[in-house]
file model.txt (compact mmCIF, C-alpha atoms and all ligand atoms)
# COMPACT_ATOMS: atom_id res chain seq x y z
CA MET A 215 -4.16 36.33 10.76
CA SER A 216 -1.58 33.94 9.28
CA LYS A 217 1.02 35.27 6.89
CA SER A 218 3.00 33.90 3.98
CA ILE A 219 6.76 33.39 4.17
CA ALA A 220 9.54 33.43 1.58
CA GLY A 221 12.54 31.11 1.85
CA PHE A 222 11.02 28.90 4.58
CA SER A 223 12.89 25.79 3.42
CA LYS A 224 16.21 27.62 3.84
CA LEU A 225 15.63 28.38 7.54
CA SER A 226 17.24 26.18 10.18
CA LYS A 227 14.96 23.64 11.86
CA SER A 228 14.68 25.70 15.02
CA LYS A 229 13.87 28.87 13.06
CA LYS A 230 11.20 26.97 11.14
CA ILE A 231 9.67 25.83 14.41
CA ASP A 232 9.83 29.35 15.86
CA TRP A 233 7.99 30.73 12.85
CA ILE A 234 5.34 27.98 12.95
CA VAL A 235 4.60 28.27 16.67
CA ASP A 236 4.65 32.08 16.68
CA THR A 237 2.40 32.31 13.61
CA TYR A 238 -0.19 29.64 14.33
CA PHE A 239 -0.41 28.93 18.05
CA LEU A 240 -1.90 30.88 20.92
CA ASN A 241 0.43 29.10 23.31
CA ALA A 242 3.69 28.98 21.35
CA GLU A 243 5.71 27.42 24.17
CA ASN A 244 3.21 24.60 24.59
CA ALA A 245 3.20 23.86 20.85
CA LYS A 246 7.01 23.90 20.78
CA GLY A 247 7.07 21.51 23.74
CA ILE A 248 4.84 19.01 21.92
CA LEU A 249 6.97 19.15 18.79
CA LYS A 250 10.13 18.61 20.85
CA GLN A 251 8.62 15.72 22.80
CA TYR A 252 8.58 13.70 19.60
CA TRP A 253 12.21 14.33 18.68
CA ASN A 254 14.66 11.54 19.11
CA ASN A 255 17.46 12.14 21.61
CA ASN A 256 19.84 10.36 19.32
CA ASP A 257 20.95 13.24 17.06
CA LYS A 258 22.08 10.97 14.24
CA LEU A 259 18.77 9.14 14.15
CA GLN A 260 16.88 12.41 14.30
CA GLN A 261 18.93 13.82 11.45
CA LEU A 262 18.13 10.73 9.37
CA HIS A 263 14.43 11.41 9.85
CA ASP A 264 14.85 15.13 9.26
CA GLU A 265 16.43 14.37 5.92
CA PHE A 266 13.77 11.99 4.60
CA ILE A 267 11.69 15.00 3.57
CA GLU A 268 11.86 18.77 3.38
CA ASN A 269 10.80 21.05 6.27
CA THR A 270 10.73 18.34 8.96
CA ILE A 271 9.65 19.88 12.26
CA THR A 272 9.28 16.69 14.30
CA ASN A 273 8.42 12.97 13.99
CA TYR A 274 4.91 11.58 13.69
CA TYR A 275 4.58 8.31 15.61
CA LEU A 276 2.34 5.39 14.76
CA PRO A 277 2.30 2.22 16.84
CA LEU A 278 4.24 -0.70 15.39
CA GLY A 279 2.43 -3.88 16.41
CA VAL A 280 2.98 -7.51 15.53
CA ALA A 281 0.61 -10.32 14.61
CA PRO A 282 2.17 -13.73 15.30
CA ASN A 283 1.20 -17.25 14.15
CA PHE A 284 0.88 -16.62 10.42
CA LEU A 285 1.59 -19.91 8.68
CA ILE A 286 2.34 -19.11 5.04
CA ASN A 287 3.29 -21.96 2.71
CA ASP A 288 4.27 -23.97 5.81
CA ARG A 289 6.57 -21.27 7.21
CA LEU A 290 5.69 -19.34 10.36
CA TYR A 291 5.78 -15.55 10.36
CA THR A 292 5.18 -12.80 12.86
CA ILE A 293 3.93 -9.89 10.80
CA PRO A 294 4.82 -6.29 11.71
CA MET A 295 2.03 -3.75 11.30
CA ALA A 296 2.24 0.04 11.59
CA ILE A 297 -1.30 1.31 12.13
CA GLU A 298 -3.38 3.47 14.43
CA GLU A 299 -6.74 1.68 14.14
CA SER A 300 -7.40 -0.16 17.42
CA SER A 301 -8.74 -3.50 16.18
CA VAL A 302 -6.56 -4.27 13.15
CA VAL A 303 -3.66 -6.11 14.80
CA ALA A 304 -5.99 -8.00 17.12
CA ALA A 305 -8.11 -9.11 14.13
CA ALA A 306 -5.02 -10.18 12.17
CA SER A 307 -3.72 -12.22 15.12
CA LYS A 308 -7.08 -13.89 15.57
CA ALA A 309 -7.35 -14.83 11.90
CA ALA A 310 -3.74 -16.07 11.88
CA LYS A 311 -4.42 -18.36 14.84
CA PHE A 312 -7.64 -19.62 13.30
CA TRP A 313 -5.94 -20.60 10.04
CA LEU A 314 -2.82 -21.91 11.80
CA GLU A 315 -5.03 -24.70 13.09
CA ARG A 316 -6.43 -25.34 9.61
CA GLY A 317 -3.31 -25.63 7.45
CA GLY A 318 -2.40 -21.96 7.13
CA PHE A 319 -2.27 -19.69 4.09
CA LYS A 320 -1.18 -20.76 0.62
CA THR A 321 0.25 -18.10 -1.66
CA LYS A 322 1.72 -17.78 -5.13
CA VAL A 323 3.22 -14.91 -7.13
CA ILE A 324 1.49 -14.92 -10.52
CA SER A 325 3.53 -12.22 -12.28
CA THR A 326 5.93 -9.36 -11.49
CA THR A 327 5.83 -7.04 -14.51
CA LYS A 328 5.65 -3.28 -13.98
CA ILE A 329 4.74 -0.63 -16.53
CA GLY A 330 6.03 2.81 -17.44
CA GLN A 331 5.00 5.13 -20.24
CA VAL A 332 6.37 7.99 -22.30
CA HIS A 333 3.34 10.02 -23.37
CA PHE A 334 3.89 12.09 -26.51
CA ILE A 335 2.23 14.06 -29.28
CA TYR A 336 3.07 13.36 -32.91
CA LYS A 337 1.34 15.19 -35.73
CA GLY A 338 1.82 13.10 -38.82
CA ASP A 339 1.56 9.81 -40.64
CA PHE A 340 1.25 6.81 -38.26
CA LYS A 341 2.94 4.48 -40.76
CA LYS A 342 6.06 6.64 -40.68
CA LEU A 343 5.95 6.76 -36.86
CA LYS A 344 5.83 2.95 -36.78
CA GLN A 345 8.84 2.78 -39.10
CA PHE A 346 10.70 5.26 -36.95
CA PHE A 347 9.87 3.32 -33.78
CA SER A 348 11.19 0.01 -35.24
CA GLN A 349 14.38 1.75 -36.26
CA VAL A 350 14.95 3.59 -32.97
CA LYS A 351 13.90 0.80 -30.57
CA PRO A 352 17.39 -0.79 -30.29
CA LYS A 353 18.87 2.66 -29.62
CA LEU A 354 16.29 3.32 -26.90
CA ILE A 355 17.51 0.18 -25.16
CA GLU A 356 21.18 0.95 -25.87
CA ASP A 357 20.99 4.48 -24.45
CA THR A 358 19.65 3.14 -21.12
CA GLU A 359 22.41 0.56 -20.74
CA ALA A 360 24.24 2.50 -18.05
CA ILE A 361 21.01 2.78 -16.04
CA THR A 362 19.99 -0.86 -16.51
CA LYS A 363 23.43 -2.47 -16.09
CA ASN A 364 23.08 -3.61 -12.47
CA MET A 365 19.47 -4.64 -12.86
CA ARG A 366 20.34 -6.71 -15.95
CA LYS A 367 23.19 -8.41 -14.08
CA ARG A 368 20.64 -9.64 -11.55
CA GLY A 369 18.20 -10.81 -14.24
CA GLY A 370 15.86 -7.82 -14.51
CA GLY A 371 15.58 -4.76 -16.73
CA ILE A 372 13.48 -3.62 -19.68
CA LEU A 373 11.24 -6.42 -20.97
CA ASP A 374 9.67 -4.73 -23.96
CA ILE A 375 8.77 -1.36 -25.46
CA GLU A 376 5.57 -0.99 -27.45
CA LEU A 377 4.38 1.92 -29.54
CA ARG A 378 0.71 2.55 -28.70
CA ASP A 379 -1.65 4.59 -30.84
CA LYS A 380 -4.01 6.48 -28.51
CA THR A 381 -5.38 8.87 -31.13
CA SER A 382 -8.90 7.47 -30.75
CA ASP A 383 -8.84 8.95 -27.21
CA ILE A 384 -6.90 12.19 -27.80
CA ASP A 385 -5.81 13.70 -31.14
CA SER A 386 -2.15 12.95 -32.03
CA TYR A 387 -1.54 11.12 -28.69
CA TYR A 388 0.83 8.13 -28.61
CA GLN A 389 2.79 6.21 -25.99
CA LEU A 390 5.94 4.23 -25.55
CA HIS A 391 4.37 1.63 -23.29
CA THR A 392 7.17 -0.22 -21.55
CA ALA A 393 7.29 -3.35 -19.41
CA PHE A 394 9.95 -3.73 -16.69
CA GLU A 395 11.17 -6.40 -14.31
CA THR A 396 12.62 -4.72 -11.24
CA LEU A 397 13.26 -7.82 -9.05
CA ASP A 398 13.58 -6.88 -5.36
CA ALA A 399 13.35 -3.13 -5.94
CA MET A 400 10.03 -1.33 -6.11
CA GLY A 401 11.81 0.24 -9.05
CA ALA A 402 10.21 3.68 -9.30
CA ASN A 403 13.50 5.53 -9.76
CA PHE A 404 14.84 2.87 -12.11
CA ILE A 405 11.73 2.95 -14.30
CA ASN A 406 11.47 6.74 -14.36
CA SER A 407 15.16 7.13 -15.23
CA CYS A 408 14.81 4.69 -18.16
CA LEU A 409 11.68 6.47 -19.39
CA GLU A 410 13.28 9.91 -19.25
CA GLN A 411 16.21 8.57 -21.25
CA PHE A 412 13.81 7.02 -23.81
CA ALA A 413 12.09 10.39 -24.16
CA LYS A 414 15.38 12.18 -24.85
CA THR A 415 16.59 9.61 -27.36
CA PHE A 416 13.19 9.41 -29.06
CA LYS A 417 12.92 13.18 -29.47
CA ASN A 418 16.52 13.63 -30.67
CA GLU A 419 16.46 10.71 -33.11
CA ALA A 420 13.18 11.96 -34.60
CA LEU A 421 14.99 15.14 -35.67
CA LEU A 422 17.33 12.95 -37.75
CA PHE A 423 14.74 10.58 -39.26
CA GLU A 424 14.77 11.23 -42.98
CA LEU A 425 11.24 10.05 -43.77
CA PHE A 426 9.70 12.57 -41.35
CA SER A 427 8.57 15.95 -42.65
CA GLU A 428 9.77 19.01 -40.69
CA ARG A 429 6.48 19.00 -38.75
CA GLU A 430 6.66 15.24 -38.04
CA LYS A 431 10.18 15.67 -36.64
CA GLU A 432 8.79 17.85 -33.85
CA ILE A 433 7.73 15.12 -31.43
CA ASP A 434 6.37 16.73 -28.30
CA ILE A 435 7.07 14.73 -25.14
CA VAL A 436 4.27 15.35 -22.62
CA MET A 437 5.66 13.27 -19.75
CA SER A 438 7.56 10.13 -18.82
CA ILE A 439 6.40 8.26 -15.74
CA LEU A 440 5.86 4.80 -14.28
CA SER A 441 2.32 3.53 -13.82
CA ASN A 442 1.04 2.54 -10.40
CA TYR A 443 -1.51 0.37 -12.16
CA VAL A 444 0.21 -3.02 -11.98
CA PRO A 445 -2.30 -5.71 -12.99
CA ASP A 446 0.63 -7.88 -14.08
CA CYS A 447 2.43 -7.67 -10.75
CA LEU A 448 0.00 -10.03 -9.16
CA VAL A 449 -0.07 -12.30 -6.12
CA ARG A 450 -2.62 -14.85 -4.95
CA ALA A 451 -3.37 -15.78 -1.33
CA GLU A 452 -5.78 -18.48 -0.28
CA VAL A 453 -7.12 -20.38 2.72
CA SER A 454 -9.30 -23.45 2.72
CA CYS A 455 -10.75 -25.98 5.13
CA HIS A 456 -13.54 -28.46 5.41
CA VAL A 457 -16.79 -26.53 5.81
CA GLU A 458 -17.52 -28.03 9.22
CA ASP A 459 -14.12 -26.85 10.49
CA LEU A 460 -15.18 -23.24 9.99
CA SER A 461 -17.21 -23.30 13.18
CA GLU A 462 -15.38 -22.88 16.47
CA ASP A 463 -18.32 -23.57 18.77
CA ASN A 464 -21.82 -25.03 18.76
CA THR A 465 -23.66 -21.73 18.29
CA ILE A 466 -23.59 -21.96 14.49
CA SER A 467 -22.70 -24.77 12.07
CA GLY A 468 -19.76 -24.51 9.70
CA LYS A 469 -22.14 -24.79 6.76
CA ALA A 470 -24.29 -21.89 7.99
CA LEU A 471 -21.15 -19.80 8.56
CA ALA A 472 -19.81 -20.58 5.10
CA ASN A 473 -23.15 -19.62 3.52
CA LYS A 474 -23.29 -16.31 5.33
CA PHE A 475 -19.66 -15.63 4.51
CA ILE A 476 -20.19 -16.35 0.81
CA GLN A 477 -23.29 -14.15 0.78
CA ALA A 478 -21.24 -11.30 2.25
CA VAL A 479 -18.55 -11.75 -0.40
CA ASN A 480 -21.17 -11.99 -3.18
CA ILE A 481 -22.67 -8.69 -2.03
CA ALA A 482 -19.23 -7.03 -2.17
CA GLU A 483 -18.76 -8.46 -5.67
CA VAL A 484 -21.87 -6.74 -7.04
CA GLU A 485 -22.47 -3.70 -4.80
CA PRO A 486 -19.86 -0.92 -4.97
CA TYR A 487 -21.03 0.76 -1.73
CA ARG A 488 -20.24 -2.44 0.12
CA ALA A 489 -17.20 -3.32 -2.01
CA VAL A 490 -15.39 -0.11 -1.03
CA THR A 491 -15.75 -0.85 2.70
CA HIS A 492 -14.99 -4.53 2.16
CA ASN A 493 -11.77 -3.61 0.32
CA LYS A 494 -10.97 -0.90 2.88
CA GLY A 495 -10.88 -3.67 5.47
CA ILE A 496 -8.42 -5.59 3.26
CA MET A 497 -6.28 -2.46 2.98
CA ASN A 498 -6.24 -2.18 6.81
CA GLY A 499 -4.02 -5.25 6.77
CA ILE A 500 -2.12 -4.45 3.60
CA ASP A 501 -1.24 -0.82 4.33
CA ALA A 502 -0.07 -1.65 7.85
CA VAL A 503 2.53 -4.13 6.56
CA VAL A 504 3.41 -1.99 3.54
CA LEU A 505 4.11 0.93 5.88
CA ALA A 506 6.04 -1.17 8.41
CA THR A 507 8.27 -2.49 5.63
CA GLY A 508 9.02 0.97 4.22
CA ASN A 509 6.98 0.63 1.04
CA ASP A 510 4.80 3.20 -0.71
CA PHE A 511 1.26 2.61 0.52
CA ARG A 512 -0.18 5.34 -1.72
CA ALA A 513 1.12 3.51 -4.79
CA VAL A 514 -0.28 0.23 -3.50
CA GLU A 515 -3.66 1.81 -2.69
CA ALA A 516 -3.95 3.43 -6.12
CA GLY A 517 -3.04 0.22 -7.94
CA VAL A 518 -5.27 -2.00 -5.85
CA HIS A 519 -8.41 0.12 -6.24
CA ALA A 520 -7.87 0.49 -10.00
CA TYR A 521 -7.59 -3.30 -10.17
CA ALA A 522 -10.80 -3.66 -8.18
CA SER A 523 -12.56 -1.68 -10.95
CA ARG A 524 -10.97 -3.47 -13.89
CA HIS A 525 -14.26 -4.97 -15.12
CA GLY A 526 -15.94 -1.55 -15.26
CA SER A 527 -17.53 -1.53 -11.83
CA TYR A 528 -15.81 -1.40 -8.43
CA SER A 529 -15.89 -4.87 -6.91
CA SER A 530 -14.61 -7.12 -4.14
CA LEU A 531 -10.97 -8.16 -4.22
CA THR A 532 -11.71 -11.39 -2.35
CA HIS A 533 -13.81 -14.36 -3.40
CA ALA A 534 -15.23 -17.40 -1.61
CA LYS A 535 -16.80 -20.71 -2.52
CA VAL A 536 -17.72 -24.12 -1.20
CA LYS A 537 -17.01 -27.08 -3.44
CA ASP A 538 -17.17 -30.75 -2.45
CA GLY A 539 -17.53 -29.77 1.19
CA VAL A 540 -14.41 -27.55 1.16
CA PHE A 541 -14.62 -23.84 1.91
CA THR A 542 -12.09 -21.74 -0.05
CA PHE A 543 -11.47 -18.04 0.41
CA TRP A 544 -8.98 -16.26 -1.82
CA MET A 545 -7.73 -13.04 -3.30
CA GLU A 546 -5.59 -11.99 -6.24
CA ILE A 547 -4.13 -8.56 -5.81
CA PRO A 548 -1.56 -6.36 -7.57
CA LEU A 549 1.30 -5.37 -5.28
CA ALA A 550 4.42 -3.54 -6.46
CA LEU A 551 6.76 -3.81 -3.48
CA GLY A 552 10.46 -3.60 -2.80
CA THR A 553 12.79 -5.05 -0.21
CA VAL A 554 15.87 -3.17 -1.41
CA GLY A 555 16.30 0.53 -2.12
CA GLY A 556 14.14 3.39 -0.86
CA LEU A 557 13.52 3.42 2.89
CA THR A 558 14.32 -0.29 3.24
CA GLY A 559 18.02 0.25 3.81
CA LEU A 560 17.66 3.51 5.71
CA HIS A 561 14.95 3.41 8.33
CA PRO A 562 16.09 1.32 11.32
CA LEU A 563 12.54 0.14 12.10
CA VAL A 564 11.99 -0.88 8.48
CA LYS A 565 15.21 -2.90 8.57
CA LEU A 566 14.01 -4.51 11.80
CA ALA A 567 10.58 -5.28 10.31
CA LEU A 568 12.21 -6.93 7.29
CA GLU A 569 14.51 -9.01 9.49
CA LEU A 570 11.48 -10.09 11.53
CA LEU A 571 10.03 -11.37 8.24
CA HIS A 572 13.22 -13.40 7.52
CA ASN A 573 14.54 -10.69 5.13
CA PRO A 574 12.11 -11.52 2.32
CA SER A 575 12.62 -11.03 -1.39
CA ALA A 576 10.07 -8.69 -3.01
CA LYS A 577 8.17 -11.77 -4.19
CA GLU A 578 8.04 -13.17 -0.65
CA LEU A 579 6.93 -9.80 0.71
CA MET A 580 4.12 -9.67 -1.89
CA GLN A 581 2.85 -12.98 -0.47
CA ILE A 582 3.10 -11.89 3.16
CA VAL A 583 1.31 -8.61 2.47
CA ALA A 584 -1.45 -10.35 0.52
CA VAL A 585 -1.95 -12.73 3.43
CA ALA A 586 -2.28 -9.81 5.84
CA GLY A 587 -5.04 -8.42 3.59
CA LEU A 588 -6.86 -11.72 3.25
CA ALA A 589 -6.65 -12.38 7.00
CA GLN A 590 -8.06 -8.95 7.75
CA ASN A 591 -11.00 -9.46 5.40
CA PHE A 592 -11.63 -12.91 6.88
CA ALA A 593 -11.73 -11.47 10.40
CA ALA A 594 -14.01 -8.59 9.35
CA LEU A 595 -16.49 -10.81 7.46
CA ARG A 596 -16.57 -13.34 10.25
CA SER A 597 -17.49 -10.67 12.78
CA LEU A 598 -19.87 -8.85 10.46
CA THR A 599 -21.84 -11.99 9.64
CA THR A 600 -22.01 -13.24 13.24
CA THR A 601 -21.69 -10.89 16.22
CA GLY A 602 -21.34 -7.62 14.26
CA ILE A 603 -18.09 -5.66 14.45
CA GLN A 604 -18.94 -3.17 17.17
CA GLN A 605 -18.50 -5.66 20.00
CA GLY A 606 -14.84 -6.26 19.07
CA HIS A 607 -14.20 -2.72 17.89
CA MET A 608 -15.52 -1.06 21.01
CA LYS A 609 -13.55 -3.46 23.24
CA MET A 610 -10.40 -2.35 21.44
CA HIS A 611 -11.55 1.25 21.46
CA LEU A 612 -12.06 1.16 25.23
CA MET A 613 -8.43 2.11 25.86
CA ASN A 614 -8.75 5.15 23.58
CA ILE A 615 -11.81 6.32 25.50
CA LEU A 616 -10.05 5.75 28.86
CA ASN A 617 -7.00 7.68 27.66
CA GLN A 618 -9.20 10.54 26.46
CA MET A 619 -10.63 10.68 29.98
CA GLU A 620 -7.16 10.54 31.48
CA ALA A 621 -7.85 7.36 33.43
CA ASN A 622 -4.95 6.20 35.60
CA ASP A 623 -3.50 2.66 35.50
CA ALA A 624 -5.67 1.35 38.35
CA GLU A 625 -8.82 2.76 36.76
CA LYS A 626 -7.86 1.24 33.40
CA GLN A 627 -7.35 -2.17 34.96
CA THR A 628 -10.67 -2.12 36.82
CA LEU A 629 -12.63 -0.92 33.81
CA THR A 630 -10.98 -3.32 31.35
CA GLU A 631 -12.12 -6.11 33.65
CA HIS A 632 -15.62 -4.58 33.99
CA PHE A 633 -16.08 -4.23 30.22
CA LYS A 634 -15.14 -7.84 29.54
CA THR A 635 -18.76 -8.61 30.36
CA ASN A 636 -20.44 -5.26 29.65
CA THR A 637 -21.14 -3.41 26.42
CA VAL A 638 -18.65 -0.64 25.67
CA THR A 639 -20.18 2.69 24.70
CA HIS A 640 -18.78 6.15 25.26
CA SER A 641 -21.43 6.96 27.83
CA ALA A 642 -21.14 3.60 29.60
CA VAL A 643 -17.39 4.16 30.02
CA THR A 644 -17.91 7.74 31.28
CA LYS A 645 -20.51 6.54 33.76
CA ALA A 646 -18.37 3.66 35.04
CA LEU A 647 -15.31 5.90 35.39
CA ASN A 648 -17.26 8.61 37.24
CA LYS A 649 -18.64 5.96 39.56
CA LEU A 650 -15.11 4.77 40.32
CA ARG A 651 -14.00 8.29 41.04
CA VAL A 652 -16.65 9.20 43.67
C1 LIG B 701 -13.02 -1.06 9.43
O1 LIG B 701 -11.80 -0.35 9.42
C2 LIG B 701 -13.05 -2.09 8.34
C3 LIG B 701 -14.38 -2.82 8.17
O2 LIG B 701 -15.45 -1.89 8.00
C4 LIG B 701 -14.22 -3.68 6.94
C5 LIG B 701 -15.50 -4.33 6.47
O3 LIG B 701 -16.61 -3.79 6.68
O4 LIG B 701 -15.40 -5.39 5.83
C6 LIG B 701 -14.71 -3.65 9.38
call {"tool": "encode", "arguments": {"input": "model.txt", "output": "structure tokens", "more": "lines below"}}
Ligand code: MEV
result
Amino acid sequence: MSKSIAGFSKLSKSKKIDWIVDTYFLNAENAKGILKQYWNNNDKLQQLHDEFIENTITNYYLPLGVAPNFLINDRLYTIPMAIEESSVVAAASKAAKFWLERGGFKTKVISTTKIGQVHFIYKGDFKKLKQFFSQVKPKLIEDTEAITKNMRKRGGGILDIELRDKTSDIDSYYQLHTAFETLDAMGANFINSCLEQFAKTFKNEALLFELFSEREKEIDIVMSILSNYVPDCLVRAEVSCHVEDLSEDNTISGKALANKFIQAVNIAEVEPYRAVTHNKGIMNGIDAVVLATGNDFRAVEAGVHAYASRHGSYSSLTHAKVKDGVFTFWMEIPLALGTVGGLTGLHPLVKLALELLHNPSAKELMQIVAVAGLAQNFAALRSLTTTGIQQGHMKMHLMNILNQMEANDAEKQTLTEHFKTNTVTHSAVTKALNKLRV
């Protein structure tokens, strides 16, 4: 039976590992060996990783792949992707190549505003609260000057603070709803520090506001936190070509392909069961680049899915049309990303990924990430509406199956060749491998 432990975080790394392997594993030495296998021999690098979080016991590897040939606003990129799913990088590369020959991707940042809120309870007259807010607003800004100094120097900072009456939702509930421009930083720490300072100033100044009754002076701050819903931190990515250029061979016309493609997008626009999978495919591309560039994929996921539901029903993030013989496929998506601060200056692979992308600004990274999402969705819909996805997926999955069966290099080579012209299924691979081995 497992047991609880007090003071675990204070133990040394090796003591933590000893406790874990002794408590949870039948073969403690084997478990310890696996954990150690993933350590880096470079002590400094390992320490860096140890210190990213608490209670690190080893590193968790994901492959870092690259998808070349992305032409974005006439500039070529090779996009780094950290992901475990077999077919994602292959699909991105295929879509990149396809659009490279058709003018590439066009992108535009629409807006870059982020939001943070101080949520508070005030039991009193709203008119007086409004008066108090107008009076205290300059002081709210003034008291954050030390925090915002550097950001302001570079052209960012606090854009506006609004008092919002939310009492129709919850009794006595109000907000200081604040808009920020955080430039190349994702800005979470910056925003949260400003908000916590607002909360302090707001609460303290209320105690001195003469028009408030004793009860009204007691403003109760519930919390101060940024929002990961960023509908005004928006980027657009688009591809287009003449309808006939959509077809790569004679098996199906460009027009027929475009029609099927648009039908698939229309379904995702109206049918949430499909929209979730459709958008999941987009996130395959987005998360992989977000992760490779040291950004917070949970924040991006939360914001993107909220945006996909903004009209009251979960819907497709991408759209497609044909007009005057031109097929256009596009997406507008909220992405709060940073290229300075956080992991971006710390993790050597993140630094490398950013350099590979020509050291982008946050705005440029928004465009690259959006393209990775659009490309992924294009590849998925193209397969789904023609051959189906399993053909491509299982081809990519073949190596996983062979590794599970501990195939050696020669066996892998022979079977990769064999399955170029045969359907990959788990049982077909087992059978072919067993046949090789007799
Ligand atoms: C698989 O990870 C993603 C897809 O299911 C996306 C889609 O259905 O559009 C292929």
call {"tool": "axis_aligned_box", "arguments": {"input": "model.txt", "around": "ligand LIG 701 (chain B)", "padding_each_side": "4 Å", "output": "lines of an AutoDock Vina configuration file"}}
result
center_x = -14.2
center_y = -2.9
center_z = 7.6
size_x = 12.8
size_y = 13.0
size_z = 11.6
call {"tool": "residues_near_ligand", "arguments": {"input": "model.txt", "ligand": "ligand LIG 701 (chain B)", "cutoff": "7 Å", "atoms": "only C-alpha atoms and all ligand atoms", "output": "NGL selection string"}}
result
:A and (491-495 or 498 or 591 or 594-595 or 603)
call {"tool": "atom_distance", "arguments": {"input": "model.txt", "atom1": "atom CA of Arg368 of chain A", "atom2": "atom CA of Ala576 of chain A"}}
result
13.6 Å
call {"tool": "atom_distance", "arguments": {"input": "model.txt", "atom1": "atom CA of Ala516 of chain A", "atom2": "atom CA of Ser441 of chain A"}}
result
9.9 Å
call {"tool": "atom_distance", "arguments": {"input": "model.txt", "atom1": "atom CA of Gln411 of chain A", "atom2": "atom CA of Leu373 of chain A"}}
result
15.8 Å
call {"tool": "closest_atom_pairs", "arguments": {"input": "model.txt", "of": "segment 583-643 of chain A", "to": "segment 296-301 of chain A", "cutoff": "6 Å", "atoms": "only C-alpha atoms", "output": "tab-separated table"}}
result
residue	atom	partner	partner_atom	distance
A:His607	CA	A:Ser301	CA	5.8
A:Met610	CA	A:Ser300	CA	5.5
A:His611	CA	A:Ser300	CA	6.0
call {"tool": "write_last_selection", "arguments": {"input": "model.txt", "atoms": "C-alpha atoms", "output": "PDB file, keeping the file's coordinate frame"}}
result
ATOM      1  CA  HIS A 607     -14.200  -2.720  17.890  1.00  0.00           C
ATOM      2  CA  MET A 610     -10.400  -2.350  21.440  1.00  0.00           C
ATOM      3  CA  HIS A 611     -11.550   1.250  21.460  1.00  0.00           C
TER       4      HIS A 611
END
call {"tool": "closest_residue", "arguments": {"input": "model.txt", "among": "A:Asp446, A:Gly371, A:Lys322, A:Gly555", "to": "Lys577 of chain A", "atoms": "all atoms listed in the file"}}
result
A:Lys322
call {"tool": "residues_near_point", "arguments": {"input": "model.txt", "point": "(4.0, 0.2, -11.7)", "cutoff": "10 Å", "atoms": "all atoms listed in the file", "output": "PyMOL selection string"}}
result
chain A and resi 326-331+393-394+396+400-402+405+439-447+513-514+517+548-551
call {"tool": "closest_residue", "arguments": {"input": "model.txt", "among": "A:Ile219, A:Ile271, A:Cys408, A:Met497", "to": "Asn254 of chain A", "atoms": "all atoms listed in the file"}}
result
A:Ile271
call {"tool": "closest_residue", "arguments": {"input": "model.txt", "among": "A:Ser218, A:Gln261, A:Gln389, A:Thr637", "to": "Phe412 of chain A", "atoms": "all atoms listed in the file"}}
result
A:Gln389
call {"tool": "closest_residue", "arguments": {"input": "model.txt", "among": "A:Gln590, A:Thr639, A:Asn614, A:Asn418", "to": "Gly499 of chain A", "atoms": "only C-alpha atoms"}}
result
A:Gln590
call {"tool": "residues_around", "arguments": {"input": "model.txt", "residues": "Ile481 of chain A", "least_positions_apart": "5", "cutoff": "12 Å", "atoms": "all atoms listed in the file", "output": "PyMOL selection string"}}
result
chain A and resi 474-476+486-492+528-534+595
call {"tool": "residues_around", "arguments": {"input": "model.txt", "residues": "segment 345-350 of chain A", "least_positions_apart": "2", "cutoff": "8 Å", "atoms": "all atoms listed in the file", "output": "PyMOL selection string"}}
result
chain A and resi 341-343+352-354+377+416+419-420+423
call {"tool": "residues_around", "arguments": {"input": "model.txt", "residues": "Val235 of chain A", "least_positions_apart": "4", "cutoff": "12 Å", "atoms": "only C-alpha atoms", "output": "number ranges by chain"}}
result
A: 216, 228-231, 239-250, 271
call {"tool": "write_last_selection", "arguments": {"input": "model.txt", "atoms": "C-alpha atoms", "output": "mmCIF file, in the frame of the given file"}}
result
data_model
loop_
_atom_site.group_PDB
_atom_site.id
_atom_site.type_symbol
_atom_site.label_atom_id
_atom_site.label_comp_id
_atom_site.auth_asym_id
_atom_site.auth_seq_id
_atom_site.Cartn_x
_atom_site.Cartn_y
_atom_site.Cartn_z
ATOM 1 C CA SER A 216 -1.580 33.940 9.280
ATOM 2 C CA SER A 228 14.680 25.700 15.020
ATOM 3 C CA LYS A 229 13.870 28.870 13.060
ATOM 4 C CA LYS A 230 11.200 26.970 11.140
ATOM 5 C CA ILE A 231 9.670 25.830 14.410
ATOM 6 C CA PHE A 239 -0.410 28.930 18.050
ATOM 7 C CA LEU A 240 -1.900 30.880 20.920
ATOM 8 C CA ASN A 241 0.430 29.100 23.310
ATOM 9 C CA ALA A 242 3.690 28.980 21.350
ATOM 10 C CA GLU A 243 5.710 27.420 24.170
ATOM 11 C CA ASN A 244 3.210 24.600 24.590
ATOM 12 C CA ALA A 245 3.200 23.860 20.850
ATOM 13 C CA LYS A 246 7.010 23.900 20.780
ATOM 14 C CA GLY A 247 7.070 21.510 23.740
ATOM 15 C CA ILE A 248 4.840 19.010 21.920
ATOM 16 C CA LEU A 249 6.970 19.150 18.790
ATOM 17 C CA LYS A 250 10.130 18.610 20.850
ATOM 18 C CA ILE A 271 9.650 19.880 12.260
#
call {"tool": "residues_around", "arguments": {"input": "model.txt", "residues": "Val643 of chain A", "least_positions_apart": "3", "cutoff": "10 Å", "atoms": "all atoms listed in the file", "output": "NGL selection string"}}
result
:A and (612 or 615-616 or 619 or 629-630 or 632-633 or 636-640 or 646-649)
